[in-house]
>>> print(open('input-v1.tsv').read())   # TSV, C-alpha atoms and all ligand atoms
chain	number	residue	atom	x	y	z
A	1	MET	CA	-30.21	-33.35	-2.08
A	2	SER	CA	-27.49	-35.63	-3.35
A	3	VAL	CA	-24.45	-33.51	-4.02
A	4	ASN	CA	-22.40	-33.65	-0.86
A	5	TYR	CA	-18.96	-32.75	-2.15
A	6	LEU	CA	-17.36	-30.21	-4.44
A	7	TYR	CA	-13.86	-31.07	-5.61
A	8	VAL	CA	-11.56	-28.43	-7.13
A	9	ASP	CA	-8.61	-29.57	-9.22
A	10	MET	CA	-6.46	-26.89	-10.84
A	11	ASN	CA	-5.57	-27.66	-14.47
A	12	SER	CA	-1.87	-28.05	-15.33
A	13	TYR	CA	-1.25	-26.07	-12.20
A	14	PHE	CA	2.45	-25.13	-12.31
A	15	ALA	CA	2.35	-24.44	-16.06
A	16	SER	CA	-0.83	-22.36	-15.77
A	17	ALA	CA	0.65	-20.46	-12.84
A	18	GLU	CA	3.66	-19.55	-14.99
A	19	GLN	CA	1.36	-18.46	-17.84
A	20	GLN	CA	-0.60	-16.31	-15.43
A	21	LEU	CA	2.52	-14.76	-13.92
A	22	ARG	CA	4.43	-14.28	-17.21
A	23	PRO	CA	2.21	-13.03	-20.05
A	24	LYS	CA	4.74	-13.94	-22.72
A	25	LEU	CA	4.19	-17.64	-21.95
A	26	ARG	CA	0.45	-17.43	-22.61
A	27	GLY	CA	-0.82	-19.47	-25.53
A	28	GLN	CA	2.59	-21.14	-25.83
A	29	PRO	CA	3.59	-24.75	-25.24
A	30	VAL	CA	5.27	-24.56	-21.83
A	31	ALA	CA	6.79	-27.25	-19.64
A	32	VAL	CA	7.91	-26.66	-16.08
A	33	VAL	CA	11.11	-28.48	-15.12
A	34	PRO	CA	12.68	-28.85	-11.66
A	35	VAL	CA	16.17	-27.89	-12.84
A	36	ARG	CA	17.72	-26.75	-16.08
A	37	ALA	CA	19.13	-30.04	-17.30
A	38	GLU	CA	18.49	-32.22	-20.33
A	39	THR	CA	18.32	-35.30	-18.10
A	40	THR	CA	15.33	-34.15	-16.06
A	41	CYS	CA	11.57	-34.61	-16.56
A	42	CYS	CA	8.69	-32.18	-16.97
A	43	ILE	CA	6.72	-31.70	-13.77
A	44	ALA	CA	3.90	-29.87	-15.57
A	45	ALA	CA	2.89	-29.09	-19.13
A	46	SER	CA	0.61	-26.34	-20.43
A	47	TYR	CA	-2.42	-27.39	-22.46
A	48	GLU	CA	-0.66	-26.24	-25.62
A	49	ALA	CA	2.16	-28.68	-24.80
A	50	LYS	CA	-0.26	-31.44	-23.75
A	51	GLN	CA	-1.88	-31.28	-27.18
A	52	ARG	CA	1.49	-32.28	-28.59
A	53	GLY	CA	1.79	-35.23	-26.26
A	54	VAL	CA	3.94	-33.73	-23.49
A	55	LYS	CA	2.84	-34.82	-20.04
A	56	THR	CA	3.97	-34.69	-16.44
A	57	GLY	CA	6.89	-37.10	-16.34
A	58	THR	CA	7.93	-36.66	-19.99
A	59	ALA	CA	11.73	-36.47	-20.26
A	60	VAL	CA	13.03	-33.11	-21.48
A	61	HIS	CA	14.67	-34.55	-24.62
A	62	GLU	CA	11.43	-36.35	-25.45
A	63	ALA	CA	9.42	-33.15	-24.87
A	64	ARG	CA	11.70	-31.31	-27.34
A	65	ARG	CA	11.17	-34.08	-29.89
A	66	LEU	CA	7.38	-34.12	-29.49
A	67	CYS	CA	7.06	-30.39	-29.41
A	68	PRO	CA	9.92	-28.50	-31.07
A	69	GLY	CA	10.10	-24.95	-29.71
A	70	ILE	CA	8.60	-25.93	-26.33
A	71	LEU	CA	9.44	-23.34	-23.68
A	72	LEU	CA	11.12	-24.92	-20.66
A	73	VAL	CA	10.64	-22.96	-17.48
A	74	GLU	CA	12.42	-23.67	-14.22
A	75	ALA	CA	9.99	-24.30	-11.37
A	76	ARG	CA	9.45	-21.52	-8.86
A	77	PRO	CA	7.99	-23.36	-5.85
A	78	HIS	CA	7.50	-20.24	-3.76
A	79	GLU	CA	5.37	-18.60	-6.43
A	80	TYR	CA	3.20	-21.71	-6.65
A	81	ILE	CA	2.78	-21.89	-2.90
A	82	ARG	CA	1.89	-18.21	-2.73
A	83	MET	CA	-0.68	-18.68	-5.49
A	84	HIS	CA	-2.00	-21.81	-3.76
A	85	HIS	CA	-2.83	-19.73	-0.72
A	86	ARG	CA	-4.62	-17.17	-2.92
A	87	ILE	CA	-6.63	-19.98	-4.55
A	88	LEU	CA	-7.45	-21.42	-1.16
A	89	ARG	CA	-8.69	-18.05	0.11
A	90	ALA	CA	-10.76	-17.52	-3.05
A	91	VAL	CA	-12.49	-20.92	-2.82
A	92	ASP	CA	-12.94	-20.59	0.92
A	93	SER	CA	-14.68	-17.22	0.40
A	94	CYS	CA	-17.42	-19.11	-1.52
A	95	VAL	CA	-17.72	-22.26	0.59
A	96	PRO	CA	-15.62	-23.59	3.49
A	97	VAL	CA	-12.75	-25.79	2.31
A	98	GLN	CA	-12.88	-29.09	4.16
A	99	ALA	CA	-9.46	-30.39	3.17
A	100	VAL	CA	-6.48	-29.42	1.04
A	101	LEU	CA	-5.34	-32.59	-0.70
A	102	SER	CA	-2.35	-31.26	-2.58
A	103	ILE	CA	-1.01	-28.00	-3.88
A	104	ASP	CA	-3.67	-27.95	-6.60
A	105	GLU	CA	-6.56	-29.93	-5.17
A	106	MET	CA	-9.07	-29.21	-2.44
A	107	VAL	CA	-12.45	-30.51	-1.41
A	108	CYS	CA	-15.48	-28.82	0.15
A	109	ARG	CA	-18.38	-30.43	2.04
A	110	LEU	CA	-21.64	-28.91	0.90
A	111	ALA	CA	-24.61	-28.08	3.09
A	112	GLY	CA	-28.19	-26.86	2.71
A	113	ALA	CA	-29.25	-25.47	-0.67
A	114	ASP	CA	-25.78	-26.13	-2.11
A	115	GLN	CA	-26.53	-29.86	-1.96
A	116	SER	CA	-29.09	-29.69	-4.75
A	117	VAL	CA	-27.67	-30.14	-8.24
A	118	LYS	CA	-28.79	-26.63	-9.19
A	119	GLY	CA	-27.32	-25.07	-6.05
A	120	ALA	CA	-24.04	-26.97	-6.38
A	121	VAL	CA	-23.61	-26.01	-10.04
A	122	ARG	CA	-24.30	-22.38	-9.20
A	123	LEU	CA	-21.70	-22.53	-6.43
A	124	ALA	CA	-19.14	-24.13	-8.77
A	125	GLU	CA	-19.68	-21.36	-11.34
A	126	GLN	CA	-19.27	-18.77	-8.61
A	127	ILE	CA	-15.96	-20.36	-7.53
A	128	LYS	CA	-14.69	-20.25	-11.11
A	129	ALA	CA	-15.66	-16.58	-11.39
A	130	VAL	CA	-13.95	-15.67	-8.11
A	131	LEU	CA	-10.80	-17.57	-9.14
A	132	ARG	CA	-10.73	-15.71	-12.47
A	133	ARG	CA	-11.03	-12.40	-10.65
A	134	GLU	CA	-8.79	-13.04	-7.63
A	135	VAL	CA	-6.11	-15.29	-9.10
A	136	GLY	CA	-6.34	-14.77	-12.86
A	137	PRO	CA	-7.98	-16.14	-16.01
A	138	TYR	CA	-5.03	-18.36	-16.98
A	139	VAL	CA	-5.29	-20.44	-13.83
A	140	ARG	CA	-8.29	-22.64	-14.56
A	141	CYS	CA	-9.81	-25.50	-12.65
A	142	SER	CA	-12.02	-28.51	-13.15
A	143	ILE	CA	-14.74	-28.88	-10.56
A	144	GLY	CA	-16.36	-32.19	-9.74
A	145	LEU	CA	-19.64	-32.55	-7.85
A	146	GLY	CA	-20.61	-35.86	-6.36
A	147	PRO	CA	-22.39	-37.67	-3.55
A	148	ASN	CA	-19.13	-38.65	-1.87
A	149	ARG	CA	-15.56	-37.44	-1.94
A	150	MET	CA	-14.23	-40.15	-4.22
A	151	LEU	CA	-16.92	-39.62	-6.84
A	152	ALA	CA	-16.49	-35.83	-6.67
A	153	LYS	CA	-12.81	-36.33	-7.48
A	154	VAL	CA	-13.65	-38.76	-10.27
A	155	ALA	CA	-16.09	-36.15	-11.63
A	156	ALA	CA	-13.40	-33.44	-11.54
A	157	ASP	CA	-11.13	-35.68	-13.64
A	158	MET	CA	-13.82	-36.34	-16.26
A	159	GLN	CA	-13.50	-33.02	-18.03
A	160	LYS	CA	-10.32	-30.96	-18.43
A	161	PRO	CA	-9.53	-28.15	-18.70
A	162	ASP	CA	-12.09	-25.85	-17.14
A	163	GLY	CA	-14.54	-28.68	-16.48
A	164	LEU	CA	-17.70	-28.80	-14.41
A	165	THR	CA	-19.14	-32.28	-13.99
A	166	VAL	CA	-21.87	-33.66	-11.76
A	167	ILE	CA	-22.26	-37.32	-10.82
A	168	ARG	CA	-25.77	-37.91	-9.46
A	169	VAL	CA	-26.69	-40.90	-7.28
A	170	ALA	CA	-29.51	-41.73	-9.69
A	171	GLU	CA	-26.95	-42.23	-12.49
A	172	LEU	CA	-24.95	-44.82	-10.56
A	173	PRO	CA	-23.35	-47.10	-11.40
A	174	GLU	CA	-23.95	-46.71	-15.18
A	175	ARG	CA	-22.32	-43.28	-15.20
A	176	LEU	CA	-19.02	-44.88	-14.17
A	177	HIS	CA	-19.01	-47.65	-16.77
A	178	ALA	CA	-17.10	-45.71	-19.40
A	179	LEU	CA	-14.21	-45.04	-17.02
A	180	ALA	CA	-10.98	-47.00	-16.81
A	181	LEU	CA	-10.09	-48.84	-13.59
A	182	ARG	CA	-7.15	-46.50	-13.14
A	183	ASP	CA	-9.47	-43.47	-13.14
A	184	PHE	CA	-10.39	-44.25	-9.53
A	185	PRO	CA	-8.19	-42.75	-6.84
A	186	GLY	CA	-6.58	-45.67	-5.03
A	187	VAL	CA	-6.25	-47.85	-8.13
A	188	GLY	CA	-2.62	-47.61	-9.17
A	189	PRO	CA	-0.70	-49.93	-11.50
A	190	ARG	CA	-0.38	-52.66	-8.85
A	191	MET	CA	-4.04	-52.59	-7.86
A	192	GLU	CA	-5.01	-52.63	-11.52
A	193	GLN	CA	-2.92	-55.78	-12.00
A	194	ARG	CA	-4.63	-57.40	-9.02
A	195	LEU	CA	-8.05	-56.54	-10.42
A	196	LEU	CA	-7.11	-57.94	-13.83
A	197	GLY	CA	-5.83	-61.05	-12.10
A	198	TRP	CA	-9.30	-61.53	-10.57
A	199	GLY	CA	-10.89	-61.10	-13.97
A	200	VAL	CA	-12.09	-57.56	-13.29
A	201	THR	CA	-11.27	-55.86	-16.57
A	202	THR	CA	-13.94	-53.15	-16.63
A	203	VAL	CA	-15.52	-50.71	-14.22
A	204	LYS	CA	-18.87	-52.30	-15.02
A	205	ARG	CA	-17.53	-55.58	-13.63
A	206	LEU	CA	-16.03	-53.77	-10.62
A	207	CYS	CA	-19.44	-52.30	-9.81
A	208	GLU	CA	-21.08	-55.73	-9.98
A	209	LEU	CA	-18.85	-57.26	-7.29
A	210	SER	CA	-20.21	-57.88	-3.80
A	211	ALA	CA	-18.57	-56.33	-0.75
A	212	ALA	CA	-17.15	-59.78	0.10
A	213	GLU	CA	-15.59	-60.12	-3.36
A	214	LEU	CA	-14.14	-56.60	-3.15
A	215	ALA	CA	-12.75	-57.48	0.29
A	216	ARG	CA	-10.98	-60.53	-1.16
A	217	ILE	CA	-9.40	-58.46	-3.91
A	218	TRP	CA	-8.35	-55.65	-1.58
A	219	GLU	CA	-7.35	-58.18	1.12
A	220	SER	CA	-9.26	-56.14	3.67
A	221	LYS	CA	-12.81	-56.47	4.90
A	222	LEU	CA	-12.90	-52.75	5.70
A	223	LEU	CA	-11.67	-51.71	2.26
A	224	GLY	CA	-14.15	-54.09	0.60
A	225	GLN	CA	-16.99	-52.39	2.47
A	226	ILE	CA	-15.65	-48.91	1.74
A	227	TRP	CA	-15.35	-49.56	-2.01
A	228	TRP	CA	-18.77	-51.18	-2.25
A	229	HIS	CA	-20.39	-48.15	-0.62
A	230	ARG	CA	-18.34	-45.55	-2.46
A	231	LEU	CA	-19.22	-46.96	-5.87
A	232	ARG	CA	-22.89	-46.61	-4.92
A	233	GLY	CA	-22.54	-43.00	-3.88
A	234	ASP	CA	-22.77	-43.57	-0.13
A	235	ASP	CA	-20.99	-40.97	1.96
A	236	LEU	CA	-18.89	-42.80	4.54
A	237	PRO	CA	-16.72	-40.98	7.04
A	238	ASP	CA	-13.02	-41.26	6.19
A	239	PRO	CA	-11.04	-43.65	8.34
A	240	PRO	CA	-9.00	-41.56	10.76
A	241	THR	CA	-5.50	-40.73	9.61
A	242	HIS	CA	-2.60	-39.71	11.75
A	243	ARG	CA	0.53	-37.93	10.72
A	244	ARG	CA	3.23	-40.37	11.62
A	245	THR	CA	6.43	-38.81	10.36
A	246	VAL	CA	8.11	-35.61	9.27
A	247	SER	CA	10.89	-36.16	6.79
A	248	HIS	CA	13.17	-34.38	4.38
A	249	SER	CA	15.50	-35.83	1.78
A	250	ARG	CA	17.67	-34.56	-1.00
A	251	VAL	CA	19.43	-35.88	-4.08
A	252	LEU	CA	22.90	-34.34	-3.92
A	253	PRO	CA	24.39	-32.46	-6.84
A	254	PRO	CA	27.66	-34.07	-8.06
A	255	GLU	CA	29.93	-31.55	-6.31
A	256	TRP	CA	28.40	-32.38	-2.89
A	257	ARG	CA	28.68	-36.17	-3.12
A	258	ASP	CA	31.14	-36.67	-0.27
A	259	ASP	CA	30.54	-37.43	3.39
A	260	HIS	CA	31.61	-34.01	4.60
A	261	HIS	CA	29.33	-31.94	2.38
A	262	ALA	CA	26.49	-34.45	2.59
A	263	GLY	CA	26.69	-34.25	6.39
A	264	GLU	CA	26.32	-30.47	6.21
A	265	ILE	CA	23.28	-30.74	3.92
A	266	LEU	CA	21.82	-33.31	6.27
A	267	LEU	CA	22.00	-30.76	9.08
A	268	ARG	CA	20.11	-28.29	6.93
A	269	LEU	CA	17.43	-30.92	6.20
A	270	THR	CA	17.25	-31.59	9.94
A	271	GLU	CA	16.75	-27.91	10.67
A	272	LYS	CA	13.87	-27.80	8.19
A	273	ALA	CA	12.30	-30.95	9.62
A	274	ALA	CA	12.56	-29.55	13.15
A	275	ALA	CA	10.89	-26.28	12.13
A	276	ARG	CA	8.12	-28.22	10.43
A	277	LEU	CA	7.68	-30.41	13.50
A	278	ARG	CA	7.17	-27.35	15.70
A	279	HIS	CA	4.88	-25.76	13.16
A	280	LEU	CA	2.68	-28.87	13.31
A	281	GLY	CA	2.67	-28.66	17.09
A	282	CYS	CA	4.36	-32.05	17.43
A	283	TRP	CA	7.25	-33.65	19.32
A	284	THR	CA	9.36	-36.48	18.00
A	285	GLY	CA	10.22	-39.69	19.84
A	286	SER	CA	12.78	-41.03	17.38
A	287	ILE	CA	14.99	-39.98	14.54
A	288	SER	CA	16.55	-41.81	11.58
A	289	VAL	CA	19.12	-40.68	9.08
A	290	TRP	CA	19.86	-42.55	5.89
A	291	SER	CA	22.08	-42.38	2.87
A	292	HIS	CA	22.15	-44.09	-0.50
A	293	ASP	CA	25.80	-44.16	-1.53
A	294	LEU	CA	27.01	-44.82	-5.04
A	295	GLY	CA	27.94	-48.47	-5.38
A	296	ALA	CA	27.09	-49.34	-1.78
A	297	ARG	CA	24.16	-50.71	0.18
A	298	ALA	CA	21.74	-48.22	1.69
A	299	TRP	CA	22.81	-47.08	5.15
A	300	GLN	CA	20.51	-46.09	7.96
A	301	GLU	CA	20.94	-45.26	11.64
A	302	HIS	CA	18.09	-44.83	14.10
A	303	ARG	CA	17.87	-43.50	17.62
A	304	ARG	CA	15.05	-43.22	20.11
A	305	LEU	CA	14.80	-39.90	21.91
A	306	SER	CA	13.01	-38.57	24.92
A	307	LEU	CA	10.33	-36.36	23.36
A	308	CYS	CA	12.06	-33.51	21.65
A	309	GLN	CA	11.28	-30.63	19.33
A	310	ASP	CA	14.31	-28.36	19.49
A	311	THR	CA	16.64	-27.89	16.57
A	312	SER	CA	19.92	-27.95	18.48
A	313	THR	CA	19.28	-31.35	20.10
A	314	LEU	CA	18.21	-32.84	16.77
A	315	LEU	CA	21.25	-31.35	14.99
A	316	SER	CA	23.59	-32.83	17.55
A	317	VAL	CA	21.97	-36.30	17.37
A	318	VAL	CA	22.10	-36.23	13.58
A	319	GLY	CA	25.77	-35.21	13.71
A	320	GLN	CA	26.53	-38.20	15.97
A	321	LEU	CA	24.59	-40.65	13.81
A	322	TRP	CA	26.23	-39.38	10.62
A	323	ARG	CA	29.72	-39.93	12.04
A	324	ARG	CA	28.93	-43.66	12.25
A	325	LYS	CA	28.32	-43.89	8.52
A	326	PRO	CA	30.90	-45.93	6.58
A	327	ALA	CA	32.88	-43.72	4.20
A	328	GLY	CA	31.34	-43.47	0.75
A	329	ARG	CA	29.88	-41.25	-1.92
A	330	PRO	CA	26.37	-40.25	-0.85
A	331	LEU	CA	23.91	-39.75	-3.69
A	332	LYS	CA	20.73	-39.21	-1.74
A	333	ILE	CA	20.34	-38.49	1.97
A	334	GLY	CA	17.47	-37.93	4.31
A	335	VAL	CA	16.22	-37.52	7.84
A	336	VAL	CA	12.98	-38.90	9.29
A	337	LEU	CA	11.35	-37.86	12.55
A	338	SER	CA	8.87	-40.47	13.75
A	339	ASP	CA	6.84	-41.55	16.78
A	340	LEU	CA	5.30	-38.10	16.76
A	341	VAL	CA	3.24	-36.89	19.67
A	342	GLU	CA	1.03	-33.82	19.62
A	343	SER	CA	1.91	-31.01	22.00
A	344	GLY	CA	-1.21	-31.58	24.08
A	345	ASN	CA	-0.03	-35.11	24.85
A	346	ALA	CA	3.64	-34.32	25.42
A	347	THR	CA	4.91	-33.86	28.93
A	348	PRO	CA	7.41	-31.00	29.18
A	349	SER	CA	10.94	-32.08	29.89
A	350	LEU	CA	12.08	-32.35	33.47
A	351	TRP	CA	15.36	-30.76	32.57
A	352	GLU	CA	15.73	-27.05	32.62
A	353	THR	CA	18.33	-27.15	29.80
A	354	GLU	CA	15.94	-29.04	27.51
A	355	ARG	CA	13.11	-26.65	28.25
A	356	LYS	CA	15.41	-23.73	27.47
A	357	LEU	CA	16.52	-25.25	24.17
A	358	THR	CA	12.88	-25.74	23.16
A	359	ALA	CA	12.09	-22.15	24.08
A	360	LEU	CA	15.13	-21.02	22.07
A	361	SER	CA	13.89	-22.88	18.97
A	362	HIS	CA	10.47	-21.30	19.26
A	363	ALA	CA	12.05	-17.87	19.70
A	364	MET	CA	14.12	-18.43	16.55
A	365	ASP	CA	11.00	-19.51	14.62
A	366	HIS	CA	9.32	-16.35	15.78
A	367	VAL	CA	12.18	-14.09	14.70
A	368	ASN	CA	12.41	-15.82	11.31
A	369	GLN	CA	8.69	-15.48	10.78
A	370	GLN	CA	8.78	-11.83	11.68
A	371	TYR	CA	11.97	-10.74	9.91
A	372	GLY	CA	12.30	-13.26	7.09
A	373	ALA	CA	13.85	-16.65	6.57
A	374	HIS	CA	17.38	-17.08	8.00
A	375	SER	CA	17.39	-13.91	10.05
A	376	LEU	CA	18.65	-16.26	12.77
A	377	TYR	CA	20.23	-19.65	12.18
A	378	PHE	CA	22.81	-22.00	13.62
A	379	ALA	CA	26.37	-21.23	12.53
A	380	ALA	CA	26.88	-24.88	11.50
A	381	LEU	CA	24.37	-24.27	8.70
A	382	HIS	CA	26.01	-21.17	7.30
A	383	ASP	CA	27.64	-22.85	4.30
A	384	VAL	CA	24.56	-24.79	3.24
A	385	LEU	CA	21.84	-22.26	3.86
A	386	HIS	CA	20.72	-22.22	0.27
A	387	GLU	CA	21.46	-25.83	-0.57
A	388	ALA	CA	18.15	-27.42	0.32
A	389	PRO	CA	15.55	-25.48	-1.61
A	390	THR	CA	11.87	-26.06	-1.11
A	391	ARG	CA	10.58	-29.01	-3.05
A	392	ILE	CA	6.94	-29.23	-3.88
A	393	ALA	CA	5.40	-32.49	-2.95
A	394	PHE	CA	2.03	-33.05	-4.54
A	395	THR	CA	0.57	-34.29	-1.33
A	396	ASN	CA	2.10	-31.89	1.10
A	397	VAL	CA	1.88	-28.16	0.63
A	398	PRO	CA	4.68	-26.33	2.38
A	399	ASP	CA	3.57	-23.57	4.72
A	400	LEU	CA	4.75	-20.24	3.46
A	401	ASP	CA	5.16	-18.79	6.90
A	402	LEU	CA	7.81	-21.39	7.72
A	403	ALA	CA	11.31	-20.02	7.46
A	404	ASP	CA	12.60	-21.34	4.17
A	405	ALA	CA	14.86	-20.00	1.47
B	1	MG	MG	-4.46	-30.70	-11.18
>>> encode(input="input-v1.tsv", output="structure tokens")
Amino acid sequence: MSVNYLYVDMNSYFASAEQQLRPKLRGQPVAVVPVRAETTCCIAASYEAKQRGVKTGTAVHEARRLCPGILLVEARPHEYIRMHHRILRAVDSCVPVQAVLSIDEMVCRLAGADQSVKGAVRLAEQIKAVLRREVGPYVRCSIGLGPNRMLAKVAADMQKPDGLTVIRVAELPERLHALALRDFPGVGPRMEQRLLGWGVTTVKRLCELSAAELARIWESKLLGQIWWHRLRGDDLPDPPTHRRTVSHSRVLPPEWRDDHHAGEILLRLTEKAAARLRHLGCWTGSISVWSHDLGARAWQEHRRLSLCQDTSTLLSVVGQLWRRKPAGRPLKIGVVLSDLVESGNATPSLWETERKLTALSHAMDHVNQQYGAHSLYFAALHDVLHEAPTRIAFTNVPDLDLADA
């Protein structure tokens, strides 16, 4: 009984999704790009393209050089989100999904007979079979099985594509010795530099360190403890996390880089943030808007609010804050809602008008959910309705039932 976690990581997710959805892309080197432009980067590459050296982050011109004839496909976020929900349902039909970590990664906590190596492997094979049947054979995954969540993820990364890897407690720490420091989630380029600076050049050395030594390197007693235990396969509860902000930002296309148009887009971003806030069941206690203008210092304006979740109040505050911005040529703009409070802890407003505005926002959400995105919207947003398309963040899967074009 040592396999506590099953980690599912979809392989080359966006590229595989396109190959599943469009048969003529199958078996071809494919790269998914956010926009059709030579200056952009690939956000996913099919295995055929990966064999030629194209990776996530490869510039388009470089991808063409490495892999002449590569097929560049513009990303279709809504298709990937829709498929994500199908994948989630398929996995969840085999074993309850404990957490969705990104659009293509999820983790399950195992129980009972599934915790034996044999049971866990059988379950992983069943998940792969259900995914093939319910989502399609071109969307493959690597499954990692491990005694804790970190090691299950590490196991999932060990074999791609279509992997199935078990890390057993009895094999620790030797099983990890062949890995690179960067193979551990939480060790990015900066952390790697710190480790090297302390003379930790191998995973073998990392595993030999005491909790106190790890704490010194991580500059945190808690993190030192956590790492020491994780490397030994102990299953510690995750430290509690709280959602602290809801934010949206956008790089403006050249024709919108003036204060007037940018202000309109900012309202659209605010509308989206407000809808997301309500969807999460939260209220915001403060709002910031910011802009990076060409050739100027970054500008930001912040205001505290009495707890609020209605779109019209937020739009009007954002409009006021934006008017204080020095004239310039905005390149990237954004809005951040912070000091969030969950509905259960929020006291309803004393003011009838505020209560009515909140009710109005919820009614609009309801109509838009029922009759489709933008069935109802504020007139101020009419010109920019389609100017803030859904972006896929790897760590934050948009909810499909949110009104969004
Ligand atoms: Mg993946």
>>> residues_near_ligand(input="input-v1.tsv", ligand="ligand MG 1 (chain B)", cutoff="6 Å", atoms="all atoms listed in the file", output="PyMOL selection string")
chain A and resi 9-13+104
>>> atom_distance(input="input-v1.tsv", atom1="atom CA of A:Cys282", atom2="atom CA of A:Ser361")
13.3 Å
>>> closest_residue(input="input-v1.tsv", among="A:Arg232, A:Arg205, A:Arg194, A:Arg64", to="A:Pro173", atoms="only C-alpha atoms")
A:Arg232
>>> atom_distance(input="input-v1.tsv", atom1="atom CA of A:Leu206", atom2="atom CA of A:Val169")
17.0 Å
>>> closest_residue(input="input-v1.tsv", among="A:Asp183, A:Asp259, A:Glu18, A:Glu301", to="A:Gly136", atoms="all atoms listed in the file")
A:Glu18
>>> closest_residue(input="input-v1.tsv", among="A:Ala274, A:Leu101, A:Val187, A:Met150", to="A:Leu231", atoms="all atoms listed in the file")
A:Met150
>>> atom_distance(input="input-v1.tsv", atom1="atom CA of A:Leu280", atom2="atom CA of A:Met106")
19.7 Å
>>> residues_around(input="input-v1.tsv", residues="A:Leu340", least_positions_apart="4", cutoff="10 Å", atoms="all atoms listed in the file", output="compact mmCIF listing (two decimals) with C-alpha atoms, keeping the file's coordinate frame")
# COMPACT_ATOMS: atom_id res chain seq x y z
CA HIS A 242 -2.60 -39.71 11.75
CA ARG A 243 0.53 -37.93 10.72
CA ARG A 244 3.23 -40.37 11.62
CA THR A 245 6.43 -38.81 10.36
CA VAL A 246 8.11 -35.61 9.27
CA LEU A 277 7.68 -30.41 13.50
CA GLY A 281 2.67 -28.66 17.09
CA CYS A 282 4.36 -32.05 17.43
CA TRP A 283 7.25 -33.65 19.32
CA THR A 284 9.36 -36.48 18.00
CA GLY A 285 10.22 -39.69 19.84
CA SER A 286 12.78 -41.03 17.38
CA LEU A 307 10.33 -36.36 23.36
CA CYS A 308 12.06 -33.51 21.65
CA GLN A 309 11.28 -30.63 19.33
CA ALA A 346 3.64 -34.32 25.42
>>> closest_residue(input="input-v1.tsv", among="A:Val8, A:Ala170, A:Val73, A:Leu357", to="A:Ser102", atoms="all atoms listed in the file")
A:Val8
>>> closest_residue(input="input-v1.tsv", among="A:Val30, A:Val35, A:Leu266, A:Val95", to="A:Arg52", atoms="only C-alpha atoms")
A:Val30
>>> residues_around(input="input-v1.tsv", residues="A:Val60", least_positions_apart="2", cutoff="10 Å", atoms="all atoms listed in the file", output="NGL selection string")
:A and (31-33 or 36-42 or 54 or 57-58 or 62-66 or 70 or 72)
>>> closest_residue(input="input-v1.tsv", among="A:Arg216, A:Arg190, A:His362, A:Arg329", to="A:Glu255", atoms="only C-alpha atoms")
A:Arg329
>>> residues_around(input="input-v1.tsv", residues="stretch 222-227 of chain A", least_positions_apart="6", cutoff="12 Å", atoms="all atoms listed in the file", output="PyMOL selection string")
chain A and resi 148+150-151+184-187+206-216+233-239
>>> residues_near_point(input="input-v1.tsv", point="(-23.4, -33.1, 1.9)", cutoff="7 Å", atoms="all atoms listed in the file", output="JSON, numbers by chain")
{"A": [3, 4, 5, 109, 110, 111, 115]}
>>> axis_aligned_box(input="input-v1.tsv", around="stretch 295-311 of chain A", padding_each_side="6 Å", output="lines of an AutoDock Vina configuration file")
center_x = 19.1
center_y = -39.3
center_z = 9.8
size_x = 29.6
size_y = 34.8
size_z = 42.3
